[in-house]
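K.L.:
This is the structure I want to talk about, given as structure tokens.
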Amino acid sequence: MTLVLAGARVPGRDGLVDVVLEGSRIAAVTPAGAAPAGGASGERIHLDGRWVLPGLWDQHVHFTQWAQTARRLDVSRAASAAEAAALVRERASADPGDDVLVGFGFHDALWPDIPTRELLDAAAGDRPVVLIAGDLHCSWLNTAAARRFAPDSVDAVLREEASFAVTSLLTAADDATLDRWAADAARAAATRGVVGIVDLEYGWNLDVWTRRMAAGADGLRVDFGIYREDLDRAIALGLRTGEVIEGTGGLLTVGPLKVISDGSLNTRTALCSHAYPDGGHGVANLTAQELVDALRLAYGHGLTAAVHAIGDEANRRALDAFEAVGAGGRIEHAQLIDASDIPRFARLGVTASVQPEHAMDDRDVADSLWSGRTDRAFPLAELHAAGARLAFGSDAPVAPLDPWAAIASAVGRTRDGREPWHPEQAVSAEVALGASTRSTVAAGQPADLAVLDRDPLAAAPDDLRSMPVAAALLAGRFTHDTLR
């Protein structure tokens with residue numbers, strides 16, 4: 001079937017065009033009025049000067065957790081452990097029961113008090129309570145939850161692997177319910193022009209997504225990540241990064257091997273060359289040799305690596321590992337980078353897979369914990385100027401699955417009316433869009449498109465954040481449509 005998007009504008013180009021779609025690809029981009037209607041099997045939609053750009057990608061998502069987050073207690077606004085406990089008490093009173101009360105979003109690095117089991121016990125009694133930090137790298141448990149999920153631990157706050165072990169057990173819903181929530185999340189993403197995600201959800205995502213797509217989920221392209229625990233399994237199946245999985249309509253693709261090399265800023269576990277105020281330097285989840293060995297094994301079997309590295313020392317070690325293996329890949333987050341390491345990204349062919357909205361979430365914590373070094377934090381402009389490839393994501397649920405938030409933060413380095421934070425590291429809207437897309441509006445390209453009511457190259461940061469999306473198309477199909 002032929003579909004003509006007539007009278008469109010393409011950001012950065014002069015004049016109106018007709019974008020002609022044949023099936024799942026763009027057949028032609030012609031001057032406005034020159035494209036045929038497509039005959040009896042065709043449709044012509046007049047865009048009246050709206051802007052057409054490639055569909056957006058969120059290149060770092062934990063999708064199942066994101067689908068569940070809206071159903072969890074929001075504790076992100078808590079300014080202290082006592083306030084978080086009060087929110088738990090309020091929810092427990094309003095919605096009594098003996099099921100696990102799960103909250104999400106706390107940031108304890110700047111709290112004036114200490115999160116203890118006793119605080120949550122007083123708020124919820126014998127009901128298990130697990131509060132997950134906004135960075136996903138630590139969780140706070142009451143006594144009942146610790147008894148169920150972490151009986152060998154005496155700590156109220158669990159960090160890194162101990163926390164991941166708990167949060168992986170919190171999916172109370174059955175597969176059918178989770179898949180329904182995932183479908184809701186996919187539809188919401190489409191309203192923001194999203195056509196694809198890199199899903200780095202912890203676990204064996206091949207089975208999850210083949211199940212969803214077999215049941216009719218067709219609203220997103222998905223590259224699924226593989227974790228080290230499942231590397232042997234992936235190798236045995238012959239999975240290779242970039243391979244399209246049969247029976248998924250071309251929508252499911254093997255993504256990277258995800259390797260978590262350090263922790264996070266809020267949790268004070270991001271591995272840094274300089275000490276935190278408490279004297280620690282963060283954690284290294286692997287030795288330098290273990291990281292090299294993991295990458296070498298992955299690349300030897302056709303799997304590209306995506307290395308989680310937040311602190312400057314973790315980023316240096318990740319780059320060292322890529323150099324030792326002699327292959328490019330991705331560094332996820334790349335939040336604090338020494339100036340001497342900036343040129344290495346481009347030279348080694350390593351993509352900086354970054355989440356610009358985190359700069360707005362973490363600016364106060366960074367100013368406290370990385371005092372005197374925040375000129376090296378989220379150095380997007382320097383990475384771009386040095387020739388590094390940028391890939392933007394949200395790390396949802398750490399930040400909302402909305403590429404326009406990432407684009408706005410990258411361009412303006414501000415949110416909520418505050419002064420821009422290190423504005424020298426801002427990038428242009430054109431660069432930000434390039435980091436959020438994977439194709440172009442040109443003949444032969446996928447018919448994955450977003451239709452906007454505003455020119456993204458002329459919009460102020462606040463306007464980018466609230467960008468109105470009139471439609472989204474995936475492989476020539478509307479996944480969001482206010483035009484017809």
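Chain identifiers are assigned as A, B, and so on, following the order in which chains appear in the structure tokens; residues are numbered from 1 within each chain, and ligands are numbered from 1 in order of appearance.
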Using only C-alpha atoms, which protein or nucleic acid residues come within 6 Å of region 380-383 of chain A? Drop anything in the same chain fewer than 3 positions from it, and give the result as a PyMOL selection string.

P.N.:
chain A and resi 342+386+388+425-427

K.L.:
Using only C-alpha atoms, which residues sit within 8 Å of Arg316 (chain A) once same-chain residues fewer than 5 positions away are excluded, as a PyMOL selection string?

P.N.:
chain A and resi 337-338+341

K.L.:
How would the residues just chosen look if you wrote them out with N, CA and C atoms as an mmCIF file, in the first residue's frame?

P.N.:
```cif
data_model
loop_
_atom_site.group_PDB
_atom_site.id
_atom_site.type_symbol
_atom_site.label_atom_id
_atom_site.label_comp_id
_atom_site.auth_asym_id
_atom_site.auth_seq_id
_atom_site.Cartn_x
_atom_site.Cartn_y
_atom_site.Cartn_z
ATOM 1 N N ILE A 337 34.045 11.743 33.076
ATOM 2 C CA ILE A 337 35.108 11.302 32.175
ATOM 3 C C ILE A 337 36.295 12.252 32.295
ATOM 4 N N ASP A 338 37.471 11.701 32.516
ATOM 5 C CA ASP A 338 38.680 12.513 32.520
ATOM 6 C C ASP A 338 38.916 13.082 31.127
ATOM 7 N N ASP A 341 40.533 11.040 28.436
ATOM 8 C CA ASP A 341 39.812 9.888 27.889
ATOM 9 C C ASP A 341 38.776 10.275 26.838
#
```

K.L.:
So what do you get for CA of Ala124 (chain A) versus CA of Leu110 (chain A), distance-wise?

P.N.:
24.0 Å

K.L.:
Write out as a PyMOL selection string the residues lying within 7 Å of region 452-466 of chain A, counting only C-alpha atoms and excluding same-chain residues fewer than 4 positions away.

P.N.:
chain A and resi 11+50-52+404-405+408+411-412+429-430+470

K.L.:
Please provide the set of residues having any atom within 6 Å of region 474-479 of chain A, restricted to only C-alpha atoms, with same-chain residues fewer than 2 positions apart removed, written as a tab-separated table (two decimals) with C-alpha atoms, in the first residue's frame.

P.N.:
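Saved as out-v9.tsv:
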```tsv
chain	number	residue	atom	x	y	z
A	23	GLY	CA	4.93	-0.74	2.74
A	24	SER	CA	7.59	-0.60	5.44
A	195	VAL	CA	9.65	3.66	17.41
A	447	ALA	CA	9.21	4.09	7.25
A	448	ASP	CA	9.74	4.78	10.95
A	472	ALA	CA	4.22	8.07	14.88
```

K.L.:
Report the closest atom pair, with its distance in Å rounded to one decimal, for each residue of region 352-414 of chain A that has an atom no farther than 12 Å from region 179-186 of chain A; count only C-alpha atoms, sort by chain and then rising residue number, and write it as CSV.

P.N.:
```
residue,atom,partner,partner_atom,distance
A:Ala396,CA,A:Ala185,CA,11.1
A:Pro397,CA,A:Ala185,CA,11.3
A:Pro400,CA,A:Ala185,CA,10.8
A:Leu401,CA,A:Ala185,CA,8.8
A:Asp402,CA,A:Ala185,CA,11.0
```

K.L.:
Show which residues sit within 8 Å of Pro356 (chain A), as a PyMOL selection string. Count only C-alpha atoms, and ignore same-chain residues fewer than 2 positions away.

P.N.:
chain A and resi 354+358-360+378+392-394+406-407+409-410

K.L.:
Skipping near chain neighbours, those fewer than 2 positions away, what residues fall within 12 Å of Arg91 (chain A) using only C-alpha atoms, listed as a ChimeraX atom specification?

P.N.:
/A:72-75,84-89,93-97,100-103,123-124,127,129

K.L.:
Quick one: write out the picked residues with N, CA and C atoms as an mmCIF file, in the first residue's frame?

P.N.:
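File written: out.cif
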```cif
data_model
loop_
_atom_site.group_PDB
_atom_site.id
_atom_site.type_symbol
_atom_site.label_atom_id
_atom_site.label_comp_id
_atom_site.auth_asym_id
_atom_site.auth_seq_id
_atom_site.Cartn_x
_atom_site.Cartn_y
_atom_site.Cartn_z
ATOM 1 N N ARG A 72 3.745 1.606 41.232
ATOM 2 C CA ARG A 72 4.479 1.564 42.490
ATOM 3 C C ARG A 72 4.398 2.907 43.211
ATOM 4 N N LEU A 73 4.648 2.887 44.496
ATOM 5 C CA LEU A 73 4.610 4.101 45.297
ATOM 6 C C LEU A 73 5.754 5.025 44.884
ATOM 7 N N ASP A 74 5.427 6.241 44.555
ATOM 8 C CA ASP A 74 6.423 7.227 44.148
ATOM 9 C C ASP A 74 7.006 7.889 45.393
ATOM 10 N N VAL A 75 8.278 7.634 45.664
ATOM 11 C CA VAL A 75 8.942 8.266 46.808
ATOM 12 C C VAL A 75 10.043 9.218 46.338
ATOM 13 N N ALA A 84 10.138 9.659 53.393
ATOM 14 C CA ALA A 84 9.858 8.446 52.628
ATOM 15 C C ALA A 84 9.033 7.477 53.456
ATOM 16 N N ALA A 85 9.382 7.336 54.729
ATOM 17 C CA ALA A 85 8.615 6.447 55.614
ATOM 18 C C ALA A 85 7.190 6.948 55.785
ATOM 19 N N ALA A 86 7.017 8.258 55.831
ATOM 20 C CA ALA A 86 5.670 8.815 55.954
ATOM 21 C C ALA A 86 4.829 8.487 54.720
ATOM 22 N N LEU A 87 5.440 8.517 53.538
ATOM 23 C CA LEU A 87 4.723 8.145 52.317
ATOM 24 C C LEU A 87 4.341 6.671 52.345
ATOM 25 N N VAL A 88 5.205 5.844 52.888
ATOM 26 C CA VAL A 88 4.881 4.421 53.040
ATOM 27 C C VAL A 88 3.711 4.252 53.993
ATOM 28 N N ARG A 89 3.738 4.959 55.113
ATOM 29 C CA ARG A 89 2.640 4.864 56.091
ATOM 30 C C ARG A 89 1.317 5.289 55.458
ATOM 31 N N SER A 93 -1.828 2.702 54.879
ATOM 32 C CA SER A 93 -3.135 2.979 55.495
ATOM 33 C C SER A 93 -4.238 3.047 54.449
ATOM 34 N N ALA A 94 -3.935 3.641 53.297
ATOM 35 C CA ALA A 94 -4.945 3.792 52.251
ATOM 36 C C ALA A 94 -5.198 2.494 51.502
ATOM 37 N N ASP A 95 -4.195 1.630 51.438
ATOM 38 C CA ASP A 95 -4.301 0.387 50.676
ATOM 39 C C ASP A 95 -3.747 -0.763 51.516
ATOM 40 N N PRO A 96 -4.486 -1.160 52.549
ATOM 41 C CA PRO A 96 -3.969 -2.187 53.454
ATOM 42 C C PRO A 96 -3.885 -3.558 52.773
ATOM 43 N N GLY A 97 -3.062 -4.405 53.319
ATOM 44 C CA GLY A 97 -2.903 -5.755 52.794
ATOM 45 C C GLY A 97 -1.608 -6.341 53.294
ATOM 46 N N VAL A 100 3.606 -7.277 49.155
ATOM 47 C CA VAL A 100 4.799 -6.442 49.260
ATOM 48 C C VAL A 100 4.481 -5.035 48.762
ATOM 49 N N LEU A 101 4.776 -4.050 49.583
ATOM 50 C CA LEU A 101 4.605 -2.655 49.189
ATOM 51 C C LEU A 101 5.923 -2.206 48.568
ATOM 52 N N VAL A 102 5.883 -1.900 47.294
ATOM 53 C CA VAL A 102 7.086 -1.522 46.559
ATOM 54 C C VAL A 102 7.013 -0.043 46.220
ATOM 55 N N GLY A 103 8.071 0.669 46.531
ATOM 56 C CA GLY A 103 8.185 2.074 46.167
ATOM 57 C C GLY A 103 9.391 2.284 45.285
ATOM 58 N N ALA A 123 6.311 2.345 59.980
ATOM 59 C CA ALA A 123 5.362 2.840 58.975
ATOM 60 C C ALA A 123 4.422 1.760 58.478
ATOM 61 N N ALA A 124 4.889 0.523 58.391
ATOM 62 C CA ALA A 124 4.083 -0.523 57.746
ATOM 63 C C ALA A 124 3.953 -1.796 58.568
ATOM 64 N N ARG A 127 4.057 -5.747 57.252
ATOM 65 C CA ARG A 127 3.923 -5.813 55.799
ATOM 66 C C ARG A 127 5.284 -5.579 55.153
ATOM 67 N N VAL A 129 8.121 -4.196 52.952
ATOM 68 C CA VAL A 129 8.295 -2.954 52.205
ATOM 69 C C VAL A 129 9.684 -2.973 51.558
#
```
